[in-house]
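Working notes for the structure below.
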Amino acid sequence: MKTTRQLQEEILRLKKENDICVLVHAYQNHEILEIADYIGDSFGLSEKAKIATQKNILMCGVRFMAETVKMLSPDKKVILAHPDADCPMARQYDGQMIRKLKEENPGYAVVAYINSTADLKAECDACVTSASAVEVVRNMKNKDIIFVPDCNLGSYVASQVPDKNIMLVNGGCPCHSKVTVEEVIKARASHPNAKLLVHPECKKEVSESADYIGSTTGIMDYVRKNSYNEYIIGTENSIVEHLQYEFPDKKFYPLSKELVCTDMRLTTLVDVYNCVKGCGGEEILLDETTSVYAKKAIDVMLKLG
């Protein structure tokens with residue numbers, strides 16, 4: 001039996017020997033973060049993969065993230081650490097459904113949250129991240145916009161860009177959308193001195209109660225830049241643990257015990273170990289047409305955001 005530290009040391013050795021860059025999404029377990037080359041949000045990691053000198057990329061996250069890495073680094077071999085790690089929100093709509101939406105709403109531009117499949121992105125006019133969504137939509141020439149798939153993030157964008165006519169669809173993150181106003185009231189009552197930081201994938205009434213609304217990276221940066229001693233964290237509960245490690249003298253509380261992404265938790269340190277040995281994970285392959293058209297939507301995001 002190997003200890004966590006022994007496994008980590010083996011992974012660090014093997015990834016160097018086998019020319020592997022390990023990307024770790026911030027929702028992964030802490031023992032995986034400790035062996036990462038880069039840690040961050042999904043799109044930020046795909047940009048890190050572009051500049052990585054290694055020819056092999058291991059994504060410790062979910063499938064759509066690995067697809068985005070492959071789009072931006074087509075010449076690199078991209079491995080998803082756990083083949084079953086997917087995103088329920090990313091599967092709520094597909095390319096065919098987007099084509100139908102466009103047919104039913106002529107003249108509308110379609111904006112896709114980065115948390116979507118390559119197939120869906122290929123049918124859209126622009127992509128956005130939770131951090132860039134407001135800026136990208138504000139800078140688009142189009143007034144009429146269909147925002148997919150997250151209606152909660154879309155609602156937040158609509159509130160920030162009132163001059164746009166934003167059509168929302170019925171979709172969103174099953175994890176973040178579970179959070180209720182009652183949980184906000186309870187957390188505030190239990191921790192009256194704490195700042196409430198929430199992800200815009202939460203429901204509108206939850207976000208409206210927050211002291212700060214932002215992406216996962218934005219939430220962590222807010223803590224780094226401010227001197228408050230207590231925080232209620234309204235995103236995946238792994239962030240509570242990571243912030244506790246980074247700031248052991250501060251207090252962090254989960255907004256809801258329901259804020260757990262089961263797909264993100266699938267990946268284990270042993271999965272990573274097997275991948276760097278060359279006997280685990282799944283290589284991500286995209287057909288060229290899908291990849292090219294999906295990347296166009298990402299390029300628009302980079303230009304406007």
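Chain labels A, B, ... are given in the sequence in which chains occur in the structure tokens; within each chain residues are numbered consecutively from 1, and ligands are likewise numbered from 1 in the order shown.
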
**Study point:** Contact residues around range 271-284 of chain A with only C-alpha atoms at 8 Å, ignoring same-chain residues under 6 positions, as an MDAnalysis selection string
**Key:** chainID A and resid 7:8 10:11 14:15 18 20 32 58 60 66:67 70 77:83

Put those residues in a file: C-alpha atoms, as a CSV table (one decimal), in the first residue's frame.
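Output below, filename out23.csv:
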```csv
chain,number,residue,atom,x,y,z
A,7,LEU,CA,1.9,8.4,-4.8
A,8,GLN,CA,2.5,12.1,-5.3
A,10,GLU,CA,5.8,8.9,-8.1
A,11,ILE,CA,3.4,11.1,-10.1
A,14,LEU,CA,6.6,10.0,-14.0
A,15,LYS,CA,5.0,13.2,-15.4
A,18,ASN,CA,6.9,11.1,-19.8
A,20,ILE,CA,3.2,15.4,-19.3
A,32,ILE,CA,-4.4,16.3,-6.7
A,58,LEU,CA,-3.5,15.5,-18.6
A,60,CYS,CA,-8.0,16.5,-14.1
A,66,ALA,CA,-10.5,18.4,-22.0
A,67,GLU,CA,-12.3,19.1,-25.3
A,70,LYS,CA,-7.7,19.9,-27.5
A,77,LYS,CA,-2.1,14.6,-26.9
A,78,VAL,CA,-4.9,15.4,-24.5
A,79,ILE,CA,-6.0,12.8,-21.8
A,80,LEU,CA,-9.0,13.1,-19.6
A,81,ALA,CA,-8.0,11.6,-16.2
A,82,HIS,CA,-11.3,9.9,-15.6
A,83,PRO,CA,-13.4,8.9,-18.7
```

Point to revise | 6 Å contact set for Val128 in chain A, only C-alpha atoms, chain neighbours under 5 positions out, as a ChimeraX atom specification | key: /A:113-114,133,301

Practice item. Would you please extract all alpha helix (DSSP H) residues from range 42-74 of chain A, as assigned by DSSP on the backbone, and give them as a PyMOL selection string? Key: chain A and resi 42-51+63-72

Practice item. Can you list, as an MDAnalysis selection string, all residues belonging to range 108-215 of chain A that DSSP tags as strand (DSSP E)? Key: chainID A and resid 109:113 126:128 144:148 165:168 195:198 212:213

Can I get the selection written as a PDB file, in the first residue's frame, with C-alpha atoms?
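What ended up in selection_33.pdb:
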```
ATOM      1  CA  ALA A 109     -26.918  35.470 -31.998  1.00  0.00           C
ATOM      2  CA  VAL A 110     -26.217  32.436 -29.832  1.00  0.00           C
ATOM      3  CA  VAL A 111     -23.835  32.765 -26.891  1.00  0.00           C
ATOM      4  CA  ALA A 112     -22.650  29.552 -25.244  1.00  0.00           C
ATOM      5  CA  TYR A 113     -21.238  29.198 -21.775  1.00  0.00           C
ATOM      6  CA  ALA A 126     -19.535  33.272 -29.227  1.00  0.00           C
ATOM      7  CA  CYS A 127     -18.456  31.510 -26.065  1.00  0.00           C
ATOM      8  CA  VAL A 128     -18.157  33.042 -22.600  1.00  0.00           C
ATOM      9  CA  ASP A 144     -30.877  39.977 -29.640  1.00  0.00           C
ATOM     10  CA  ILE A 145     -29.019  37.100 -27.985  1.00  0.00           C
ATOM     11  CA  ILE A 146     -29.884  33.530 -27.002  1.00  0.00           C
ATOM     12  CA  PHE A 147     -27.820  32.510 -23.975  1.00  0.00           C
ATOM     13  CA  VAL A 148     -27.218  28.778 -23.433  1.00  0.00           C
ATOM     14  CA  ASN A 165     -32.501  41.466 -25.372  1.00  0.00           C
ATOM     15  CA  ILE A 166     -31.332  38.184 -23.850  1.00  0.00           C
ATOM     16  CA  MET A 167     -33.392  35.046 -24.340  1.00  0.00           C
ATOM     17  CA  LEU A 168     -32.731  32.339 -21.750  1.00  0.00           C
ATOM     18  CA  LYS A 195     -18.696  37.879   3.553  1.00  0.00           C
ATOM     19  CA  LEU A 196     -20.878  35.828   1.201  1.00  0.00           C
ATOM     20  CA  LEU A 197     -19.162  34.933  -2.083  1.00  0.00           C
ATOM     21  CA  VAL A 198     -21.220  33.100  -4.703  1.00  0.00           C
ATOM     22  CA  TYR A 212     -19.458  39.236  -4.263  1.00  0.00           C
ATOM     23  CA  ILE A 213     -20.488  37.299  -7.400  1.00  0.00           C
TER      24      ILE A 213
END
```

Exercise for review: Pick out the residues sitting within 10 Å of Val292 in chain A, and hand them over as a VMD selection string; count only C-alpha atoms, and ignore anything fewer than 6 positions along from it in its own chain.
Suggested key: chain A and resid 71 to 72 118 122 286

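Between CA of Met264 in chain A and CA of Leu153 in chain A the separation is 20.0 Å.
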
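Ranking A:Leu120, A:Met220, A:Leu302, A:Val136 by their shortest atom-to-atom distance to Glu241 in chain A, with only C-alpha atoms included, puts A:Met220 first.
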
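Candidate residues A:Arg13, A:Lys121, A:Arg224, A:Lys250 were compared for distance to Thr68 in chain A, and the nearest is A:Lys121, using only C-alpha atoms.
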
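Closest approach to Val157 in chain A among A:Thr180, A:Ser42, A:Thr3, A:Ser130 is made by A:Ser130 (distances from only C-alpha atoms).
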
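In terms of minimum interatomic distance to Asp263 in chain A, A:Cys175 ranks closest within A:Cys175, A:Met1, A:Val22, A:Val134, counting only C-alpha atoms.
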
Residues within 12 Å of Ala187 in chain A, only C-alpha atoms, excluding chain neighbours under 4 positions, as a PDB file with N, CA and C atoms, in the first residue's frame:
```
ATOM      1  N   VAL A 179     -28.814  25.489  -4.379  1.00  0.00           N
ATOM      2  CA  VAL A 179     -28.706  26.398  -3.236  1.00  0.00           C
ATOM      3  C   VAL A 179     -29.964  27.246  -3.120  1.00  0.00           C
ATOM      4  N   THR A 180     -30.465  27.395  -1.902  1.00  0.00           N
ATOM      5  CA  THR A 180     -31.717  28.107  -1.665  1.00  0.00           C
ATOM      6  C   THR A 180     -31.497  29.382  -0.847  1.00  0.00           C
ATOM      7  N   VAL A 181     -32.466  30.279  -0.930  1.00  0.00           N
ATOM      8  CA  VAL A 181     -32.429  31.504  -0.121  1.00  0.00           C
ATOM      9  C   VAL A 181     -32.450  31.153   1.362  1.00  0.00           C
ATOM     10  N   GLU A 182     -33.169  30.091   1.706  1.00  0.00           N
ATOM     11  CA  GLU A 182     -33.227  29.668   3.124  1.00  0.00           C
ATOM     12  C   GLU A 182     -31.828  29.309   3.638  1.00  0.00           C
ATOM     13  N   GLU A 183     -31.016  28.706   2.780  1.00  0.00           N
ATOM     14  CA  GLU A 183     -29.650  28.384   3.180  1.00  0.00           C
ATOM     15  C   GLU A 183     -28.808  29.653   3.345  1.00  0.00           C
ATOM     16  N   HIS A 191     -23.172  33.026  10.729  1.00  0.00           N
ATOM     17  CA  HIS A 191     -21.874  33.695  10.568  1.00  0.00           C
ATOM     18  C   HIS A 191     -22.101  35.146  10.161  1.00  0.00           C
ATOM     19  N   PRO A 192     -22.595  35.978  11.077  1.00  0.00           N
ATOM     20  CA  PRO A 192     -22.997  37.347  10.726  1.00  0.00           C
ATOM     21  C   PRO A 192     -21.854  38.247  10.272  1.00  0.00           C
ATOM     22  N   ASN A 193     -20.627  37.895  10.589  1.00  0.00           N
ATOM     23  CA  ASN A 193     -19.487  38.735  10.208  1.00  0.00           C
ATOM     24  C   ASN A 193     -18.811  38.279   8.916  1.00  0.00           C
ATOM     25  N   ALA A 194     -19.345  37.217   8.325  1.00  0.00           N
ATOM     26  CA  ALA A 194     -18.706  36.645   7.134  1.00  0.00           C
ATOM     27  C   ALA A 194     -19.215  37.293   5.852  1.00  0.00           C
ATOM     28  N   LYS A 195     -18.321  37.421   4.884  1.00  0.00           N
ATOM     29  CA  LYS A 195     -18.696  37.879   3.553  1.00  0.00           C
ATOM     30  C   LYS A 195     -19.206  36.688   2.745  1.00  0.00           C
ATOM     31  N   LEU A 196     -20.291  36.894   2.012  1.00  0.00           N
ATOM     32  CA  LEU A 196     -20.878  35.828   1.201  1.00  0.00           C
ATOM     33  C   LEU A 196     -20.410  35.963  -0.243  1.00  0.00           C
ATOM     34  N   LEU A 197     -19.702  34.937  -0.728  1.00  0.00           N
ATOM     35  CA  LEU A 197     -19.162  34.933  -2.083  1.00  0.00           C
ATOM     36  C   LEU A 197     -19.841  33.812  -2.860  1.00  0.00           C
ATOM     37  N   VAL A 206     -30.343  33.941  -4.919  1.00  0.00           N
ATOM     38  CA  VAL A 206     -29.166  33.652  -4.092  1.00  0.00           C
ATOM     39  C   VAL A 206     -28.041  34.643  -4.412  1.00  0.00           C
ATOM     40  N   SER A 209     -28.165  38.111  -2.963  1.00  0.00           N
ATOM     41  CA  SER A 209     -27.863  38.237  -1.527  1.00  0.00           C
ATOM     42  C   SER A 209     -26.368  38.310  -1.250  1.00  0.00           C
ATOM     43  N   ALA A 210     -25.542  38.159  -2.288  1.00  0.00           N
ATOM     44  CA  ALA A 210     -24.098  38.016  -2.089  1.00  0.00           C
ATOM     45  C   ALA A 210     -23.379  39.350  -1.934  1.00  0.00           C
ATOM     46  N   GLU A 230     -13.647  36.180   7.728  1.00  0.00           N
ATOM     47  CA  GLU A 230     -14.626  35.100   7.599  1.00  0.00           C
ATOM     48  C   GLU A 230     -15.349  35.187   6.254  1.00  0.00           C
ATOM     49  N   TYR A 231     -15.567  34.017   5.659  1.00  0.00           N
ATOM     50  CA  TYR A 231     -16.209  33.963   4.346  1.00  0.00           C
ATOM     51  C   TYR A 231     -17.163  32.775   4.272  1.00  0.00           C
ATOM     52  N   ILE A 232     -18.329  33.013   3.675  1.00  0.00           N
ATOM     53  CA  ILE A 232     -19.251  31.938   3.319  1.00  0.00           C
ATOM     54  C   ILE A 232     -19.056  31.699   1.821  1.00  0.00           C
ATOM     55  N   ILE A 233     -18.747  30.469   1.452  1.00  0.00           N
ATOM     56  CA  ILE A 233     -18.387  30.165   0.080  1.00  0.00           C
ATOM     57  C   ILE A 233     -19.548  29.501  -0.662  1.00  0.00           C
ATOM     58  N   GLY A 234     -20.044  30.191  -1.673  1.00  0.00           N
ATOM     59  CA  GLY A 234     -21.187  29.702  -2.440  1.00  0.00           C
ATOM     60  C   GLY A 234     -20.792  29.114  -3.774  1.00  0.00           C
ATOM     61  N   PHE A 252     -13.666  29.750   6.876  1.00  0.00           N
ATOM     62  CA  PHE A 252     -14.426  29.540   5.645  1.00  0.00           C
ATOM     63  C   PHE A 252     -15.559  28.556   5.916  1.00  0.00           C
ATOM     64  N   TYR A 253     -16.761  28.915   5.436  1.00  0.00           N
ATOM     65  CA  TYR A 253     -17.935  28.090   5.693  1.00  0.00           C
ATOM     66  C   TYR A 253     -18.633  27.767   4.368  1.00  0.00           C
ATOM     67  N   PRO A 254     -19.050  26.526   4.177  1.00  0.00           N
ATOM     68  CA  PRO A 254     -19.818  26.205   2.960  1.00  0.00           C
ATOM     69  C   PRO A 254     -21.218  26.791   3.052  1.00  0.00           C
ATOM     70  N   LEU A 255     -21.689  27.391   1.954  1.00  0.00           N
ATOM     71  CA  LEU A 255     -23.044  27.926   1.936  1.00  0.00           C
ATOM     72  C   LEU A 255     -24.062  26.802   2.023  1.00  0.00           C
ATOM     73  N   SER A 256     -23.750  25.678   1.385  1.00  0.00           N
ATOM     74  CA  SER A 256     -24.668  24.542   1.376  1.00  0.00           C
ATOM     75  C   SER A 256     -23.881  23.244   1.311  1.00  0.00           C
ATOM     76  N   LYS A 257     -24.319  22.250   2.056  1.00  0.00           N
ATOM     77  CA  LYS A 257     -23.662  20.939   1.988  1.00  0.00           C
ATOM     78  C   LYS A 257     -23.975  20.234   0.677  1.00  0.00           C
TER      79      LYS A 257
END
```
